[in-house]
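Taking it in order: structure first as structure tokens, then the write-up.
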Amino acid sequence: MMIIEPHVERDYEPAPEQAARSGRVWRNRLFKGAMLFSMLVAFGTLAVLLVDIVLTGWPALTATLFTEAPSSLPEEAGARPAILATLYLGGTVLLLSVPIGALTAIYLEEYANRERWWNKLIEVNIQNLAAVPSIVYGILGLAFIVRGIGIGRVVFAGALILTLVVLPTVVVASREAIRGVPDSIRQGAFALGATKWQVVWRQVLPAAIPGMATGSILALSRAIGETAPLLMVGATVYVAFNPTLFGEYTALPIQIYNWVRQPDPEFQTVAAAGAIVLLVIVLAMNAVAIFVRNRYRQKW
Amino acid sequence: MRIGLQSELDALEAGFQEAGEIVFRSIRGAIDALRTQDVELCDEVIAFDDEVDERYLALERQVEMVLARQTPVATDLRLVLAILHSALHLERMGDQCVTIAKLTKLSSHLGTQQAVVEGLVDMGERCAEMARVSLSAFAARDVQQARALHSLDDLVDNANRQVFQEVLGYVNDAEALEWGMRQITVARCFERIGDNAVDIGEQTAFIVTGEFAEFTDASHEDGQRPG
Amino acid sequence: METQPHIDSTRIAEASRGALARADIERREKVFSVTDLAVYYSGKPALEEVDIDVYRNTVTAFIGPSGCGKSTFIRCFNRMNDLIPGAKVEGTVLYHGEDLYGPDVDPVEIRRRIGMVFQKPNPFPKSIYDNIAFGPRVLDMKGSLDERVEGALRRAALWDEVKDRLKDGALGLSGGQQQRLCIARALAVEPDVILMDEPASALDPISTTRIEDLMHELKREYTIVIVTHNMQQAARVADMTAFFSVVVDDDGSARRGILVEYDMTTKIFTTPSDKRTEDYVTGRFG
């Protein structure tokens, strides 16, 4: 049996040192450098901001902040009502946005016939809604919820507005989670004789919950930081009593804003302390979202 | 594992062994017909060949099916090929029995010579024995037993030569000569049966060793084989 | 000298039963009877002019080159094509003599009786027990769930491997085990037919052989239809084989599938009637 030897002709043999000096390697290093620089700028700026806030607000981070109501004296000023209201708002938004968002997502992904024009319309506009500036929701809320339905400038109204603000995000996140469930699972369930609802309720939804949870928590953490719409619907700036669901209120971002506006420089410290609290709440929620996503993520 | 393949191979081999049994009966029939000079028995043996042929064709068809459907490899493939070859050898044995029966019938009106008849019956017994041994060696995949057929075959060849010598002596008796010459052919048939049994033994060795080698080669002295 | 017989006599009896003759098969009940079937996706024909009968307790294989519509066809048997928007099925499919696409027929009930196993094993992201129990639960089947689960796993030749870890996640099983799990899942709802769409194509050779051996066992109780692109597999397991091929329109634009030949597997692989079949099984085309 003949064995055919490979015959290779090379007319150019670059020496290793020469290759290093060639343009390609330098371009490679340049690109790497540019990426590192960008990252430093981004995180550096953030780091500087955080450090500044913490240093400024550290002295005012005492129990007073949590236990006392706002007062004209910086030493006695606390954000208790604001913190409570923020928590109530958050809870209500969660209770409203998650079911509505989840069911909307289920309808759009599992039941809607994508050929129909109205579904195509909804499809396009969900993304748009997420991009609408939140103050617009505020104006809407003022007109329709506070005055139109006549609920008034209460916590529940604020929660409704915030729900509208975050609903598109929750829907998009839920849709992604539902889409993440492979079609083979649905096919397998159908092939056993399950009805559409059984497939959705027993297979798709349970598998999509981690993704939905993550999306909802992230949306919620955004809601907690919203200031503009709340101002529009009547979160008054100075509130010294504990809020109730259908009572007047203020929220933590607004409280911070109020303190910043005070002429007394002491209040800046308190404001910074309030900002730290807000940051901690938001970061904690994000951490929970990431934990949930990592722990329960389905490896298909 | 591979239930389908295994059951088809088992069925094929069972069919082969059954065909062997049938040929064995044919050989016995031919020997008995020769010994008793029974013309009716001769007719039965001749008619019985239809059954032998039927079995052979059935085996061929079965081999074709197994190869087409199961694509056997390695030992399985060698088994199937060995059965294909050996089936043909069995069919040949059957044909030899028919020839013996026909000759016996043809020369039945002539007188018999006891010495030759005894010699032929003896040959026949040895051949029957060889047929039986070849089939059992195949079933047991026993190469030793298969090789032993070679020495049994030598005995049959010797007996063949003895018959020939005996018949040479009938040169003065026309009737005995005619009868004797027919019996030489009969002896030749028995000798053929023996050769076919050795061939089956070679197939047994092929299954086990993967090599096909003739135990004896007519064109070479004993033990002098190429390769 | 005693000889050791090389053959197991019980196996011989088995084998002679297993080697079915055409007359035996055609005497059996026709589980499916398909007449002039055509399938269209958004108006374009995918498959046309199919006439076929599937007999009880046989393994029937659909073979053919890619795009010939064999997967489309097998999905007609359990109305899974209903789930594809734009899919239309014309012609008649009779199941035990009843029109499968009749107005009173509930596809959900059909799918209980005609189970399906897919090409890529698709266990649910639940425990092994819950995977098997899913079917009986959604169908509200009475009786002991534990017994059903064990029975299904036994019939799928998986019980011994998983009996101590029924609560473990199904996704932790190997590929071959997952596929047997999917088979067990289908068996748990007590079907009458099992459809398999290239059940072993994603598996290694040993797992493939186990699935094929399983089909040999299962066909005693169930009727099995399989799609396979591996024609040797069809040769090994199927009693009847249907060869589908692709027909291209004169201008080369539209491709659709047709049934070329349907016969005993032994015939298809030894003396096929149609030259196209011969070209395909000998590997000279396709």
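FYI, nothing fancy with the structure tokens labels: chains A, B, ... in order, residues from 1 per chain, ligands from 1 as they appear.
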Write out as a VMD selection string which residues come within 12 Å of Arg284 (chain C) when counting only C-alpha atoms, dropping same-chain ones fewer than 5 positions away. chain C and resid 65 275 to 279
Considering only C-alpha atoms, extract the chain B residues located within 8 Å of chain C and return them as a list in words.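 So the residues of chain B near chain C are Met1, Arg2, Ile3, Gly4, Leu5, Ser7, Glu8, Asp10, Ala11, Glu13, Ala14, Glu64, Met65, Ala68, Arg69, Gln70, Thr71, Ser136, Ala137, Ala139, Ala140 and Arg141 of chain B.
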Counting only C-alpha atoms, which residues of chain C sit at most 7 Å from some atom of chain A, and what is each one's closest atom pair with its distance in Å to one decimal, listed by chain and rising residue number, as a tab-separated table?
```
residue	atom	partner	partner_atom	distance
C:Val108	CA	A:Gly193	CA	4.7
C:Glu109	CA	A:Gly193	CA	6.2
C:Arg111	CA	A:Gly193	CA	4.7
C:Arg112	CA	A:Gly193	CA	4.8
C:Gly115	CA	A:Ala191	CA	6.2
C:Met116	CA	A:Ala191	CA	5.9
C:Asn122	CA	A:Ser184	CA	6.0
C:Phe124	CA	A:Ile185	CA	6.2
C:Gly135	CA	A:Leu192	CA	5.8
C:Val138	CA	A:Ala194	CA	6.1
C:Ala186	CA	A:Leu192	CA	6.5
```
Go ahead and write the residues just picked, C-alpha atoms, as an mmCIF file, in the first residue's frame.
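The resulting again.cif:
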```
data_model
loop_
_atom_site.group_PDB
_atom_site.id
_atom_site.type_symbol
_atom_site.label_atom_id
_atom_site.label_comp_id
_atom_site.auth_asym_id
_atom_site.auth_seq_id
_atom_site.Cartn_x
_atom_site.Cartn_y
_atom_site.Cartn_z
ATOM 1 C CA VAL C 108 -56.295 15.580 24.090
ATOM 2 C CA GLU C 109 -57.888 12.154 24.514
ATOM 3 C CA ARG C 111 -52.798 11.846 22.726
ATOM 4 C CA ARG C 112 -53.333 9.752 25.794
ATOM 5 C CA GLY C 115 -48.078 8.384 22.919
ATOM 6 C CA MET C 116 -44.973 10.010 21.529
ATOM 7 C CA ASN C 122 -37.122 15.931 26.910
ATOM 8 C CA PHE C 124 -39.404 17.703 32.576
ATOM 9 C CA GLY C 135 -49.425 12.127 32.763
ATOM 10 C CA VAL C 138 -53.163 15.649 34.474
ATOM 11 C CA ALA C 186 -45.522 7.699 27.697
#
```
Could you give me, as a ChimeraX atom specification, each residue of region 119-156 of chain C that DSSP assigns to alpha helix (DSSP H) when run on this structure's backbone? /C:128-138,145-155
Would you pick out the contacts of Ile224 (chain A) at 8 Å or less, using only C-alpha atoms, so that residues sharing its chain but fewer than 2 positions from it are not included, and give the list as a ChimeraX atom specification? /A:86,89-90,220-222,226,282
Just the residues within 9 Å of Leu129 (chain A), please, counting only C-alpha atoms, with nothing from its chain fewer than 5 positions along; format it as a short mmCIF file (atom, residue, chain, number, x, y, z; two decimals) with C-alpha atoms, in the first residue's frame.
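Generated output (out_1.cif):
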```cif
data_model
loop_
_atom_site.label_atom_id
_atom_site.label_comp_id
_atom_site.auth_asym_id
_atom_site.auth_seq_id
_atom_site.Cartn_x
_atom_site.Cartn_y
_atom_site.Cartn_z
CA VAL A 165 -44.16 52.32 35.54
CA LEU A 167 -45.31 46.77 34.51
CA PRO A 168 -43.72 46.83 31.05
CA THR A 169 -40.42 45.73 32.53
#
```
Excluding Leu177 (chain B) and residues on its chain fewer than 6 positions from it, collect all residues at most 9 Å away from it, counting only C-alpha atoms, and give them as a ChimeraX atom specification. /B:167-171
Distance query Ile281 (chain A) at most 12 Å, only C-alpha atoms, self and fewer than 2 positions along chain excluded, as an mmCIF file with C-alpha atoms, in the first residue's frame:
```
data_model
loop_
_atom_site.group_PDB
_atom_site.id
_atom_site.type_symbol
_atom_site.label_atom_id
_atom_site.label_comp_id
_atom_site.auth_asym_id
_atom_site.auth_seq_id
_atom_site.Cartn_x
_atom_site.Cartn_y
_atom_site.Cartn_z
ATOM 1 C CA ILE A 83 -38.931 54.526 54.958
ATOM 2 C CA THR A 86 -41.287 53.274 50.674
ATOM 3 C CA LEU A 87 -41.726 49.778 52.057
ATOM 4 C CA GLY A 90 -42.752 48.418 47.370
ATOM 5 C CA ILE A 217 -37.291 42.137 41.886
ATOM 6 C CA LEU A 218 -35.195 44.227 39.537
ATOM 7 C CA LEU A 220 -39.259 46.664 41.996
ATOM 8 C CA SER A 221 -35.888 48.050 42.946
ATOM 9 C CA ARG A 222 -36.280 50.588 40.178
ATOM 10 C CA ALA A 223 -39.734 51.510 41.440
ATOM 11 C CA ILE A 224 -38.427 52.203 44.889
ATOM 12 C CA GLY A 225 -36.041 54.786 43.549
ATOM 13 C CA LEU A 252 -37.562 58.128 50.827
ATOM 14 C CA PRO A 253 -36.231 59.689 47.605
ATOM 15 C CA GLY A 274 -30.846 58.816 53.729
ATOM 16 C CA ALA A 275 -29.228 58.161 50.368
ATOM 17 C CA ILE A 276 -27.124 55.429 51.922
ATOM 18 C CA VAL A 277 -30.238 53.782 53.315
ATOM 19 C CA LEU A 278 -31.919 53.932 49.919
ATOM 20 C CA LEU A 279 -28.840 52.529 48.267
ATOM 21 C CA LEU A 283 -28.624 46.922 46.425
ATOM 22 C CA ALA A 284 -30.016 44.352 48.832
ATOM 23 C CA MET A 285 -32.972 43.739 46.529
ATOM 24 C CA ASN A 286 -30.666 43.357 43.548
ATOM 25 C CA ALA A 287 -28.539 40.923 45.509
ATOM 26 C CA VAL A 288 -31.624 38.869 46.296
#
```
Name all residues at most 10 Å from Thr236 (chain A) (count only C-alpha atoms; drop same-chain ones fewer than 5 positions away) and give them as a VMD selection string. chain A and resid 153 to 154 230 to 231 248 to 251 254 to 255 258
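Residue nearest Asp197 (chain C) within the list C:Ile258, C:Cys182, C:Val39, C:Val227: C:Val227 [criterion: smallest interatomic distance, only C-alpha atoms].
Across the structure, CA of Leu205 (chain A) and CA of Ile100 (chain A) are spaced 14.0 Å apart.
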Interatomic distance, CA of Ser216 (chain A) to CA of Ala112 (chain A) (Å, one decimal):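 Those two atoms sit 22.3 Å apart.
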Smallest atom-to-atom distance to Phe73 (chain C): which of C:Tyr55, C:Phe285, C:Tyr40, C:Tyr95, using only C-alpha atoms? C:Tyr40
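Taking CA of Ile114 (chain C) and CA of Arg56 (chain C) as the two end points, the separation is 12.9 Å.
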